[in-house]
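Have a look at query00.cif below; it lists mmCIF, C-alpha atoms and all ligand atoms.
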```
data_model
loop_
_atom_site.label_atom_id
_atom_site.label_comp_id
_atom_site.auth_asym_id
_atom_site.auth_seq_id
_atom_site.Cartn_x
_atom_site.Cartn_y
_atom_site.Cartn_z
CA MET A 15 0.09 -3.07 28.05
CA ALA A 16 -2.02 -5.29 25.87
CA LYS A 17 -2.15 -9.00 26.70
CA LEU A 18 0.41 -11.24 24.98
CA PRO A 19 -1.30 -13.82 22.71
CA GLY A 20 -0.30 -17.49 22.57
CA ARG A 21 3.05 -18.68 21.22
CA LYS A 22 1.71 -19.49 17.74
CA THR A 23 0.29 -16.00 17.25
CA CYS A 24 3.50 -14.43 18.63
CA ILE A 25 5.51 -16.38 16.06
CA ASP A 26 3.14 -15.35 13.31
CA LEU A 27 3.26 -11.64 14.22
CA LEU A 28 7.04 -11.60 14.54
CA SER A 29 7.48 -13.57 11.30
CA ARG A 30 5.33 -11.16 9.35
CA MET A 31 7.06 -8.08 10.73
CA CYS A 32 10.51 -9.56 10.09
CA LEU A 33 9.53 -10.59 6.57
CA ILE A 34 8.26 -7.10 5.75
CA ARG A 35 11.41 -5.50 7.19
CA ARG A 36 13.69 -7.79 5.18
CA PHE A 37 11.61 -7.39 2.07
CA GLU A 38 11.74 -3.61 2.29
CA GLU A 39 15.49 -3.56 2.91
CA GLU A 40 16.02 -5.77 -0.12
CA ALA A 41 13.58 -3.76 -2.24
CA GLY A 42 15.66 -0.68 -1.45
CA ARG A 43 18.82 -2.50 -2.46
CA GLN A 44 17.31 -3.78 -5.70
CA TYR A 45 16.09 -0.29 -6.50
CA GLN A 46 19.65 1.03 -6.14
CA ARG A 47 20.70 -1.68 -8.58
CA ALA A 48 17.97 -0.49 -10.99
CA LYS A 49 16.26 -3.89 -10.86
CA ALA A 50 13.12 -2.20 -9.57
CA GLY A 51 11.95 0.79 -11.54
CA GLY A 52 9.56 3.70 -11.08
CA PHE A 53 9.07 5.03 -7.57
CA LEU A 54 9.79 3.17 -4.37
CA HIS A 55 8.31 4.04 -0.97
CA LEU A 56 9.46 1.90 1.92
CA ALA A 57 7.57 1.32 5.16
CA ILE A 58 10.51 0.30 7.36
CA GLY A 59 9.52 1.26 10.92
CA GLU A 60 5.78 1.01 10.22
CA GLU A 61 5.54 -2.79 10.50
CA ALA A 62 3.60 -2.91 13.77
CA THR A 63 0.79 -0.75 12.39
CA ILE A 64 0.56 -2.88 9.27
CA VAL A 65 0.81 -6.31 10.90
CA GLY A 66 -1.21 -5.38 14.00
CA THR A 67 -4.08 -4.23 11.81
CA THR A 68 -4.11 -7.02 9.24
CA SER A 69 -3.70 -9.72 11.90
CA VAL A 70 -7.12 -8.95 13.39
CA MET A 71 -8.94 -8.64 10.07
CA ARG A 72 -10.98 -11.51 8.66
CA ASP A 73 -9.90 -13.05 5.36
CA ASP A 74 -13.03 -11.72 3.67
CA ASP A 75 -12.56 -8.15 4.93
CA TYR A 76 -11.22 -5.59 2.46
CA LEU A 77 -7.99 -3.68 2.84
CA ILE A 78 -7.05 -0.69 0.74
CA GLY A 79 -3.90 1.37 1.09
CA THR A 80 -1.53 3.81 -0.55
CA TYR A 81 1.70 3.69 -2.54
CA ARG A 82 3.61 2.44 0.53
CA THR A 83 2.02 -0.97 0.62
CA HIS A 84 4.43 -3.79 -0.21
CA GLY A 85 4.15 -4.77 3.44
CA HIS A 86 0.38 -4.55 3.52
CA ALA A 87 0.10 -7.09 0.71
CA ILE A 88 2.65 -9.39 2.35
CA ALA A 89 0.84 -9.09 5.68
CA ARG A 90 -2.38 -10.09 3.90
CA GLY A 91 -0.66 -13.23 2.62
CA THR A 92 0.45 -12.20 -0.88
CA PRO A 93 3.65 -14.15 -1.61
CA ALA A 94 6.83 -12.08 -1.40
CA ASP A 95 7.70 -13.62 -4.80
CA SER A 96 4.83 -11.86 -6.56
CA VAL A 97 5.39 -8.54 -4.80
CA MET A 98 9.09 -8.55 -5.74
CA ALA A 99 8.24 -9.57 -9.32
CA GLU A 100 5.89 -6.59 -9.49
CA LEU A 101 8.68 -4.24 -8.40
CA PHE A 102 10.84 -5.76 -11.14
CA GLY A 103 8.07 -5.21 -13.72
CA LYS A 104 7.79 -8.92 -14.50
CA VAL A 105 4.81 -10.97 -15.66
CA ASP A 106 4.53 -12.89 -12.39
CA GLY A 107 4.05 -9.67 -10.41
CA THR A 108 0.79 -8.97 -8.61
CA SER A 109 -0.29 -6.66 -11.44
CA GLY A 110 1.49 -8.51 -14.23
CA GLY A 111 4.43 -6.13 -13.89
CA ARG A 112 2.38 -3.18 -15.10
CA GLY A 113 1.74 -1.45 -11.79
CA GLY A 114 5.09 -1.45 -10.03
CA SER A 115 5.71 -0.55 -6.42
CA MET A 116 2.78 1.85 -6.04
CA HIS A 117 0.18 -0.50 -7.47
CA ILE A 118 0.43 -3.81 -5.67
CA PHE A 119 -2.97 -5.53 -5.89
CA ASP A 120 -4.29 -8.90 -4.77
CA GLY A 121 -8.03 -9.23 -5.25
CA GLU A 122 -8.01 -12.87 -4.15
CA ARG A 123 -6.82 -11.81 -0.71
CA ARG A 124 -9.00 -8.72 -0.78
CA PHE A 125 -6.04 -6.40 -0.81
CA MET A 126 -7.62 -3.81 -3.08
CA GLY A 127 -4.49 -1.87 -3.83
CA GLY A 128 -1.93 0.33 -3.80
CA TYR A 129 -2.83 3.87 -5.10
CA GLY A 130 -0.50 6.63 -6.21
CA ILE A 131 -2.97 9.45 -5.68
CA VAL A 132 -2.77 10.76 -2.13
CA GLY A 133 -6.25 10.30 -0.61
CA GLY A 134 -7.45 8.56 -3.80
CA ASN A 135 -8.13 5.34 -1.96
CA LEU A 136 -10.64 6.90 0.46
CA PRO A 137 -13.66 7.15 -1.86
CA LEU A 138 -12.83 3.68 -3.17
CA ALA A 139 -12.95 2.40 0.42
CA ALA A 140 -16.40 3.92 0.75
CA GLY A 141 -17.40 2.04 -2.41
CA LEU A 142 -16.10 -1.24 -1.04
CA ALA A 143 -17.98 -0.74 2.22
CA LEU A 144 -21.11 0.26 0.34
CA ALA A 145 -20.85 -3.02 -1.59
CA SER A 146 -20.74 -4.95 1.70
CA GLN A 147 -23.75 -3.03 2.94
CA TYR A 148 -25.68 -3.49 -0.33
CA ARG A 149 -25.02 -7.23 -0.37
CA GLU A 150 -25.92 -7.49 3.31
CA GLU A 151 -22.54 -9.01 4.14
CA ASP A 152 -20.85 -8.43 7.47
CA THR A 153 -17.48 -7.72 5.86
CA VAL A 154 -15.56 -4.61 6.88
CA THR A 155 -13.25 -2.34 4.89
CA VAL A 156 -10.03 -1.08 6.43
CA CYS A 157 -8.73 2.01 4.67
CA MET A 158 -5.14 2.97 5.49
CA PHE A 159 -3.62 6.29 4.48
CA GLY A 160 -1.03 8.83 5.58
CA ASP A 161 -1.37 11.97 7.69
CA GLY A 162 -0.95 14.08 4.53
CA ALA A 163 -4.01 12.44 2.98
CA THR A 164 -6.22 13.91 5.71
CA ASN A 165 -5.77 17.31 4.01
CA THR A 166 -7.30 16.23 0.72
CA GLY A 167 -10.82 16.97 -0.39
CA ASN A 168 -11.35 13.24 -0.67
CA PHE A 169 -10.92 12.95 3.09
CA GLY A 170 -13.81 15.31 3.89
CA GLU A 171 -16.06 13.98 1.16
CA THR A 172 -15.50 10.37 2.15
CA MET A 173 -15.97 11.02 5.87
CA ASN A 174 -19.28 12.71 5.14
CA LEU A 175 -20.66 9.90 3.01
CA ALA A 176 -19.30 7.16 5.24
CA ALA A 177 -21.02 8.74 8.26
CA LEU A 178 -24.19 9.60 6.36
CA TRP A 179 -24.58 6.09 4.98
CA SER A 180 -23.26 4.34 8.12
CA LEU A 181 -20.64 2.44 6.17
CA PRO A 182 -18.67 -0.37 7.84
CA ILE A 183 -15.20 1.15 7.53
CA VAL A 184 -12.23 1.57 9.82
CA PHE A 185 -10.23 4.57 8.58
CA LEU A 186 -6.70 4.15 9.77
CA VAL A 187 -4.26 7.05 9.54
CA GLU A 188 -0.66 5.89 9.49
CA ASN A 189 0.65 9.07 11.06
CA ASN A 190 4.38 9.02 10.43
CA LEU A 191 4.57 12.77 11.15
CA TYR A 192 5.43 13.84 7.60
CA GLY A 193 3.77 14.29 4.24
CA MET A 194 6.88 13.97 2.07
CA GLY A 195 9.16 16.65 3.58
CA THR A 196 6.44 18.62 5.39
CA SER A 197 5.91 17.96 9.07
CA ILE A 198 2.41 17.57 10.41
CA GLU A 199 2.60 20.91 12.28
CA ARG A 200 3.23 22.59 8.96
CA HIS A 201 0.65 20.73 6.90
CA SER A 202 -2.39 20.30 9.13
CA ALA A 203 -4.23 22.94 11.19
CA VAL A 204 -5.56 20.17 13.42
CA THR A 205 -2.69 17.96 14.52
CA ASP A 206 -4.78 15.59 16.63
CA LEU A 207 -5.89 13.63 13.59
CA SER A 208 -8.13 11.36 15.64
CA LYS A 209 -10.42 14.41 15.93
CA LYS A 210 -10.23 15.45 12.32
CA ALA A 211 -13.40 13.61 11.26
CA GLU A 212 -15.49 14.53 14.31
CA GLY A 213 -17.21 17.37 12.48
CA TYR A 214 -18.45 14.81 9.98
CA GLY A 215 -19.82 12.59 12.72
CA ILE A 216 -16.96 10.11 12.95
CA SER A 217 -15.26 9.58 16.27
CA GLY A 218 -11.61 8.61 16.52
CA GLU A 219 -8.88 7.30 18.75
CA ARG A 220 -5.09 7.70 18.93
CA ILE A 221 -3.02 4.59 19.33
CA ASP A 222 0.64 3.60 19.55
CA GLY A 223 1.42 2.33 16.07
CA MET A 224 4.85 1.07 17.11
CA ASP A 225 3.35 -1.53 19.45
CA VAL A 226 1.87 -4.44 17.51
CA LEU A 227 -0.12 -5.66 20.51
CA ALA A 228 -1.69 -2.27 21.14
CA VAL A 229 -2.57 -1.98 17.46
CA ARG A 230 -4.20 -5.42 17.51
CA GLU A 231 -6.23 -4.67 20.61
CA ARG A 232 -7.53 -1.29 19.50
CA VAL A 233 -8.06 -2.04 15.81
CA SER A 234 -9.92 -5.18 16.82
CA ALA A 235 -12.32 -3.02 18.87
CA HIS A 236 -12.83 -0.70 15.89
CA LEU A 237 -13.44 -3.65 13.56
CA ASP A 238 -16.13 -4.83 15.99
CA ILE A 239 -17.82 -1.44 15.81
CA ALA A 240 -17.77 -1.48 12.02
CA ARG A 241 -18.93 -5.10 11.82
CA ASN A 242 -21.60 -5.07 14.50
CA GLU A 243 -22.75 -1.47 14.77
CA ARG A 244 -22.26 -0.83 11.04
CA ARG A 245 -20.65 2.59 11.39
CA PRO A 246 -17.27 4.11 10.53
CA THR A 247 -14.58 5.13 13.00
CA LEU A 248 -11.12 6.60 12.64
CA VAL A 249 -7.89 5.36 14.20
CA GLU A 250 -4.75 7.48 14.27
CA ALA A 251 -1.72 5.23 14.67
CA PHE A 252 1.52 6.98 15.56
CA THR A 253 4.32 5.45 13.60
CA TYR A 254 7.50 6.45 11.81
CA ARG A 255 9.32 5.67 8.60
CA TYR A 256 13.03 5.26 9.13
CA ARG A 257 13.83 5.77 5.45
CA GLY A 258 13.11 8.80 3.31
CA HIS A 259 9.71 9.45 1.78
CA SER A 260 10.89 7.70 -1.36
CA ALA A 261 14.22 6.47 -2.60
CA ALA A 262 15.08 9.96 -3.83
CA ASP A 263 14.71 11.85 -0.56
CA PRO A 264 17.74 13.72 0.83
CA GLU A 265 15.91 14.04 4.20
CA ILE A 266 16.89 17.61 4.95
CA TYR A 267 13.63 18.24 6.79
CA ARG A 268 14.37 16.10 9.84
CA ASP A 269 17.16 15.49 12.29
CA LYS A 270 19.09 12.23 12.34
CA LYS A 271 18.54 12.33 16.11
CA GLU A 272 14.79 12.19 15.65
CA VAL A 273 15.14 9.08 13.49
CA GLU A 274 17.38 7.49 16.12
CA GLU A 275 14.87 8.27 18.87
CA TRP A 276 12.12 6.50 16.96
CA GLN A 277 14.43 3.59 16.28
CA GLN A 278 14.60 3.14 20.05
CA LYS A 279 10.91 2.24 19.82
CA ASP A 280 11.51 -0.19 16.99
CA PRO A 281 8.37 -2.33 16.57
CA ILE A 282 10.27 -5.57 16.03
CA GLU A 283 12.69 -5.15 18.94
CA THR A 284 9.86 -3.98 21.22
CA PHE A 285 7.82 -7.04 20.36
CA ILE A 286 10.74 -9.42 20.84
CA ARG A 287 11.19 -7.99 24.35
CA ALA A 288 7.45 -8.37 25.02
CA CYS A 289 7.67 -12.04 23.98
CA ASP A 290 10.28 -12.82 26.64
CA GLY A 291 9.34 -16.16 28.19
CA VAL A 292 7.23 -17.16 25.17
CA LEU A 293 9.87 -16.96 22.44
CA ASP A 294 13.57 -17.53 23.03
CA GLY A 295 16.68 -16.39 21.15
CA LYS A 296 16.62 -19.49 18.95
CA ASP A 297 13.03 -18.82 17.89
CA VAL A 298 13.93 -15.26 16.96
CA GLU A 299 16.99 -16.37 15.02
CA ARG A 300 14.97 -18.97 13.12
CA ILE A 301 12.27 -16.43 12.27
CA ARG A 302 14.89 -13.99 10.97
CA ASP A 303 16.58 -16.72 8.92
CA GLU A 304 13.26 -17.69 7.38
CA ALA A 305 12.62 -14.06 6.42
CA ASP A 306 16.09 -13.88 4.85
CA GLN A 307 15.48 -17.05 2.85
CA THR A 308 12.01 -15.98 1.68
CA VAL A 309 13.33 -12.65 0.44
CA LYS A 310 16.36 -14.21 -1.23
CA LYS A 311 14.03 -16.61 -3.02
CA ALA A 312 11.74 -13.72 -3.98
CA VAL A 313 14.63 -11.94 -5.71
CA GLU A 314 15.56 -15.11 -7.60
CA PHE A 315 11.94 -15.61 -8.58
CA ALA A 316 11.59 -12.01 -9.77
CA ASP A 317 14.85 -12.22 -11.68
CA GLN A 318 13.74 -15.35 -13.51
CA SER A 319 10.21 -14.21 -14.22
CA PRO A 320 9.90 -13.03 -17.86
CA GLU A 321 9.38 -9.46 -18.99
CA PRO A 322 5.85 -8.87 -20.30
CA PRO A 323 5.88 -9.52 -24.08
CA LEU A 324 6.20 -6.36 -26.13
CA GLU A 325 3.01 -7.04 -28.05
CA THR A 326 1.03 -6.92 -24.79
CA LEU A 327 2.14 -3.35 -24.06
CA TYR A 328 -1.32 -1.93 -24.63
CA ASP A 329 -3.32 -4.79 -23.19
CA GLU A 330 -5.64 -4.12 -20.33
CA LEU A 331 -5.56 -0.36 -20.70
CA TYR A 332 -8.80 1.13 -19.54
CA VAL A 333 -10.02 4.07 -21.55
CA VAL A 334 -13.60 5.16 -21.82
CA GLY A 335 -15.14 4.77 -25.26
CA GLU A 336 -15.14 8.50 -26.08
CA THR A 337 -11.36 8.74 -25.98
CA ILE A 338 -10.57 5.66 -28.01
CA GLY A 339 -7.64 6.03 -30.34
CA TRP A 340 -5.13 3.59 -31.76
CA TYR A 341 -3.62 3.04 -28.32
CA ALA A 342 -6.82 2.34 -26.44
CA VAL A 343 -8.91 -0.64 -25.52
CA ASP A 344 -12.63 -0.22 -25.67
CA GLU A 345 -13.92 -1.14 -22.23
CA ARG A 346 -16.95 -2.75 -23.87
CA SER A 347 -14.84 -5.11 -25.91
CA PRO A 348 -12.30 -7.72 -24.86
CA GLU A 349 -10.05 -7.28 -27.91
CA PRO A 350 -6.85 -5.36 -27.45
CA HIS A 351 -5.82 -2.43 -29.66
CA ARG A 352 -9.30 -2.05 -30.98
CA GLY A 353 -9.25 1.59 -31.85
CA GLU A 354 -9.92 3.55 -34.95
CA TYR A 355 -6.22 3.33 -35.85
CA GLY A 356 -6.09 -0.23 -34.63
CA GLU A 357 -4.23 -1.57 -37.65
CA ASP A 358 -1.22 0.67 -36.79
CA ALA A 359 -1.05 -0.41 -33.19
CA PRO A 360 1.63 -3.13 -33.24
CA ASP A 361 4.11 -0.94 -35.14
CA VAL A 362 3.49 2.12 -33.05
CA ALA A 363 3.62 0.09 -29.86
CA LYS A 364 6.99 -1.30 -30.84
CA GLU A 365 8.28 2.13 -31.76
CA LEU A 366 7.08 3.62 -28.51
CA ALA A 367 8.55 0.88 -26.41
CA GLU A 368 11.90 1.13 -28.10
CA SER A 369 12.35 4.86 -28.01
CA GLY A 370 10.46 5.75 -24.85
CA ALA A 371 7.05 7.36 -24.97
CA GLU A 372 8.25 10.91 -24.39
CA HIS A 373 10.83 10.82 -27.18
CA ILE A 374 8.55 9.68 -29.94
CA GLU A 375 8.03 12.12 -32.79
CA PRO A 376 4.61 11.33 -34.16
CA ASP A 377 4.23 11.65 -37.91
CA ASP A 378 0.97 13.39 -37.56
CA GLU A 379 -1.24 14.74 -34.82
CA GLN A 380 -3.61 11.80 -34.98
CA SER A 381 -1.05 9.25 -33.91
CA ARG A 382 -0.11 11.06 -30.70
CA PRO A 383 -1.11 9.05 -27.65
CA GLY A 384 -3.77 10.63 -25.52
CA VAL A 385 -4.60 13.36 -28.03
CA ARG A 386 -7.64 13.25 -30.21
CA ASN A 387 -8.37 15.87 -32.75
C1 LIG B 401 -3.35 14.11 -4.98
C2 LIG B 401 -1.84 14.04 -4.84
N1 LIG B 401 -1.17 15.15 -4.47
C3 LIG B 401 0.16 15.10 -4.32
C4 LIG B 401 0.85 13.94 -4.55
C5 LIG B 401 2.36 13.89 -4.35
N2 LIG B 401 2.65 13.18 -3.09
C6 LIG B 401 3.05 11.90 -3.14
S1 LIG B 401 3.27 11.27 -1.62
C7 LIG B 401 2.85 12.71 -0.88
C8 LIG B 401 2.87 12.82 0.63
C9 LIG B 401 1.73 12.15 1.31
O1 LIG B 401 2.00 12.00 2.66
P1 LIG B 401 1.16 11.09 3.61
O2 LIG B 401 -0.27 11.08 3.19
O3 LIG B 401 1.43 11.54 5.00
O4 LIG B 401 1.69 9.61 3.38
P2 LIG B 401 3.14 8.99 3.65
O5 LIG B 401 3.93 9.21 2.40
O6 LIG B 401 3.72 9.68 4.84
O7 LIG B 401 2.94 7.54 3.88
C10 LIG B 401 2.54 13.67 -1.82
C11 LIG B 401 2.14 15.05 -1.50
C12 LIG B 401 0.12 12.81 -4.94
N3 LIG B 401 0.71 11.63 -5.18
N4 LIG B 401 -1.23 12.88 -5.05
#
```
Represent the structure contained in this file as structure tokens.
Amino acid sequence: MAKLPGRKTCIDLLSRMCLIRRFEEEAGRQYQRAKAGGFLHLAIGEEATIVGTTSVMRDDDYLIGTYRTHGHAIARGTPADSVMAELFGKVDGTSGGRGGSMHIFDGERRFMGGYGIVGGNLPLAAGLALASQYREEDTVTVCMFGDGATNTGNFGETMNLAALWSLPIVFLVENNLYGMGTSIERHSAVTDLSKKAEGYGISGERIDGMDVLAVRERVSAHLDIARNERRPTLVEAFTYRYRGHSAADPEIYRDKKEVEEWQQKDPIETFIRACDGVLDGKDVERIRDEADQTVKKAVEFADQSPEPPLETLYDELYVVGETIGWYAVDERSPEPHRGEYGEDAPDVAKELAESGAEHIEPDDEQSRPGVRN
């Protein structure tokens, strides 16, 4: 059993885990009410892995994650207000309401995103770590991803380069036993994921991702290796998501009993028990109340935040020069809608927004988004 930190740190760890839990519950509720659009992946049950890891990172370290990262941003210090506003697609969201649940981003706090492509964040993590190395900074990149992502080509390619170039990265697999509805035994030939990068020269360790103190202790040791020895390692944290893969998951691939068994190891309840003698019932109640209030306020904030103006629909699109059309922004120029059909852009944008992109009947081939003759 890892050593219990002082009262202040205990309060901080419990507060963050409770806030993430409440936020995720409310996000699920708001999604049912169609306030939050797009996809929604909740990390309820995975709080100890998230908070344990981020709590031992330095402010100037980089964190990069997947599409299940509302909690990661909150743990990094991003206000719940801005994360909720992003889910609602509002201007005060972390990505101006344009990214939604899968694309939470907070560069100021070095939370480098939210990515929808499974394994897509791994090469980006290598790039972040390469930047630290190139600038001779002692910052470390923590790259978090799911067990399913270890089957992607990006995993092998990134492990190879990270080892070859001795990049300061901690790869952290959030092993929740499933890639969507496929269990790890059915999706990975090697089920001890801590060994999966050994062939590339990266050693790994399995840890209990439901125990925030164990996560802190072990991730801290791996951060030290990355920071001081300047080499990558891999951590496999065993954790579990209580909810479905996404909001639209009928969960026919697992037993209710299995979920209940993991709930017995609930990271928040386990930690409250571990804090016996340091935190009392009143402390816990206050922390939970604060989380309730913060999330309630976040919903109000997101509700009141304006929708992005229609005329900004095509702002900040990134399209390389070759593919510029009326809908694109030239990456070499700051002006929006600067394409060869630029003069048509406001009308077409309005039309598209009103009827939905997939229903639009373009007058001619040239005005079809994404297609260039
Ligand atoms: C390259 C790619 N392939 C497939 C998908 C569809 N997809 C979305 S989530 C997911 C499962 C990934 O599971 P895992 O990496 O274990 O992460 P978890 O959802 O458990 O957090 C898949 C296959 C995708 N988004 N990207």
Which residues of chain A have any atom within 10 Å of an atom in ligand LIG 401 (chain B) when counting only C-alpha atoms and all ligand atoms, and what is the closest pair of atoms for each, with the distance in Å to one decimal? Order the rows by chain and rising number and write it as a Markdown table.
```
| residue | atom | partner | partner_atom | distance |
| --- | --- | --- | --- | --- |
| A:His55 | CA | B:LIG401 | O5 | 7.6 |
| A:Leu56 | CA | B:LIG401 | O7 | 8.8 |
| A:Ala57 | CA | B:LIG401 | O7 | 7.9 |
| A:Glu60 | CA | B:LIG401 | O7 | 9.5 |
| A:Gly79 | CA | B:LIG401 | O7 | 9.6 |
| A:Thr80 | CA | B:LIG401 | O7 | 7.3 |
| A:Tyr81 | CA | B:LIG401 | O7 | 7.6 |
| A:Arg82 | CA | B:LIG401 | O7 | 6.1 |
| A:Thr83 | CA | B:LIG401 | O7 | 9.2 |
| A:Tyr129 | CA | B:LIG401 | N3 | 8.5 |
| A:Gly130 | CA | B:LIG401 | N3 | 5.2 |
| A:Ile131 | CA | B:LIG401 | N4 | 3.9 |
| A:Val132 | CA | B:LIG401 | N4 | 3.9 |
| A:Gly133 | CA | B:LIG401 | C1 | 6.5 |
| A:Gly134 | CA | B:LIG401 | C1 | 7.0 |
| A:Met158 | CA | B:LIG401 | O7 | 9.4 |
| A:Phe159 | CA | B:LIG401 | O2 | 6.0 |
| A:Gly160 | CA | B:LIG401 | O2 | 3.4 |
| A:Asp161 | CA | B:LIG401 | O3 | 3.9 |
| A:Gly162 | CA | B:LIG401 | O2 | 3.4 |
| A:Ala163 | CA | B:LIG401 | O2 | 4.0 |
| A:Thr164 | CA | B:LIG401 | O2 | 7.1 |
| A:Asn165 | CA | B:LIG401 | O2 | 8.4 |
| A:Thr166 | CA | B:LIG401 | C1 | 7.3 |
| A:Gly167 | CA | B:LIG401 | C1 | 9.2 |
| A:Asn168 | CA | B:LIG401 | C1 | 9.1 |
| A:Val187 | CA | B:LIG401 | O2 | 8.5 |
| A:Glu188 | CA | B:LIG401 | O7 | 6.9 |
| A:Asn189 | CA | B:LIG401 | O3 | 6.6 |
| A:Asn190 | CA | B:LIG401 | O6 | 5.7 |
| A:Leu191 | CA | B:LIG401 | O3 | 7.0 |
| A:Tyr192 | CA | B:LIG401 | O6 | 5.3 |
| A:Gly193 | CA | B:LIG401 | O1 | 3.3 |
| A:Met194 | CA | B:LIG401 | C8 | 4.4 |
| A:Gly195 | CA | B:LIG401 | C8 | 7.9 |
| A:Thr196 | CA | B:LIG401 | C8 | 8.3 |
| A:Ser197 | CA | B:LIG401 | O3 | 8.8 |
| A:Ile198 | CA | B:LIG401 | O3 | 8.2 |
| A:His201 | CA | B:LIG401 | O3 | 9.4 |
| A:Thr253 | CA | B:LIG401 | O6 | 9.7 |
| A:Tyr254 | CA | B:LIG401 | O6 | 8.6 |
| A:Arg255 | CA | B:LIG401 | O6 | 7.8 |
| A:Gly258 | CA | B:LIG401 | O5 | 9.2 |
| A:His259 | CA | B:LIG401 | O5 | 5.8 |
| A:Ser260 | CA | B:LIG401 | O5 | 8.1 |
```
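Considering only C-alpha atoms, the residue among A:Lys279, A:His236, A:His117, A:Lys104 positioned nearest to Thr67 of chain A is A:His236.
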So which residues touch Met71 of chain A within 8 Å, counting all atoms listed in the file, skipping near sequence neighbours fewer than 3 positions away, as JSON, numbers by chain?
{"A": [67, 68, 75, 234, 237]}
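As for atom CA of Cys32 of chain A and atom CA of Ala139 of chain A, they are spaced 28.1 Å apart.
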Segment 216-219 of chain A: which residues within 10 Å, counting all atoms listed in the file, same-chain residues fewer than 6 positions away excluded, as a PyMOL selection string?
chain A and resi 173-174+176-178+180+184-186+206-210+232-233+236+245-251
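The coordinates place atom CA of Val154 of chain A at 14.6 Å from atom CA of Arg90 of chain A.
Here the question is which of A:Asp26, A:Glu100, A:Asp294, A:Asp120 gets nearest to Ile78 of chain A using all atoms listed in the file, and that residue is A:Asp120.
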Could you build a table of the residues in segment 237-323 of chain A lying no more than 9 Å from segment 105-111 of chain A, giving for each the nearest pair of atoms and their separation in Å rounded to one decimal place, using all atoms listed in the file, ordered by chain and ascending residue number, as a tab-separated table?
```
residue	atom	partner	partner_atom	distance
A:Phe315	CA	A:Asp106	CA	8.8
A:Ala316	CA	A:Asp106	CA	7.6
A:Ser319	CA	A:Asp106	CA	6.1
A:Pro320	CA	A:Val105	CA	5.9
A:Glu321	CA	A:Val105	CA	5.9
A:Pro322	CA	A:Val105	CA	5.2
A:Pro323	CA	A:Val105	CA	8.6
```
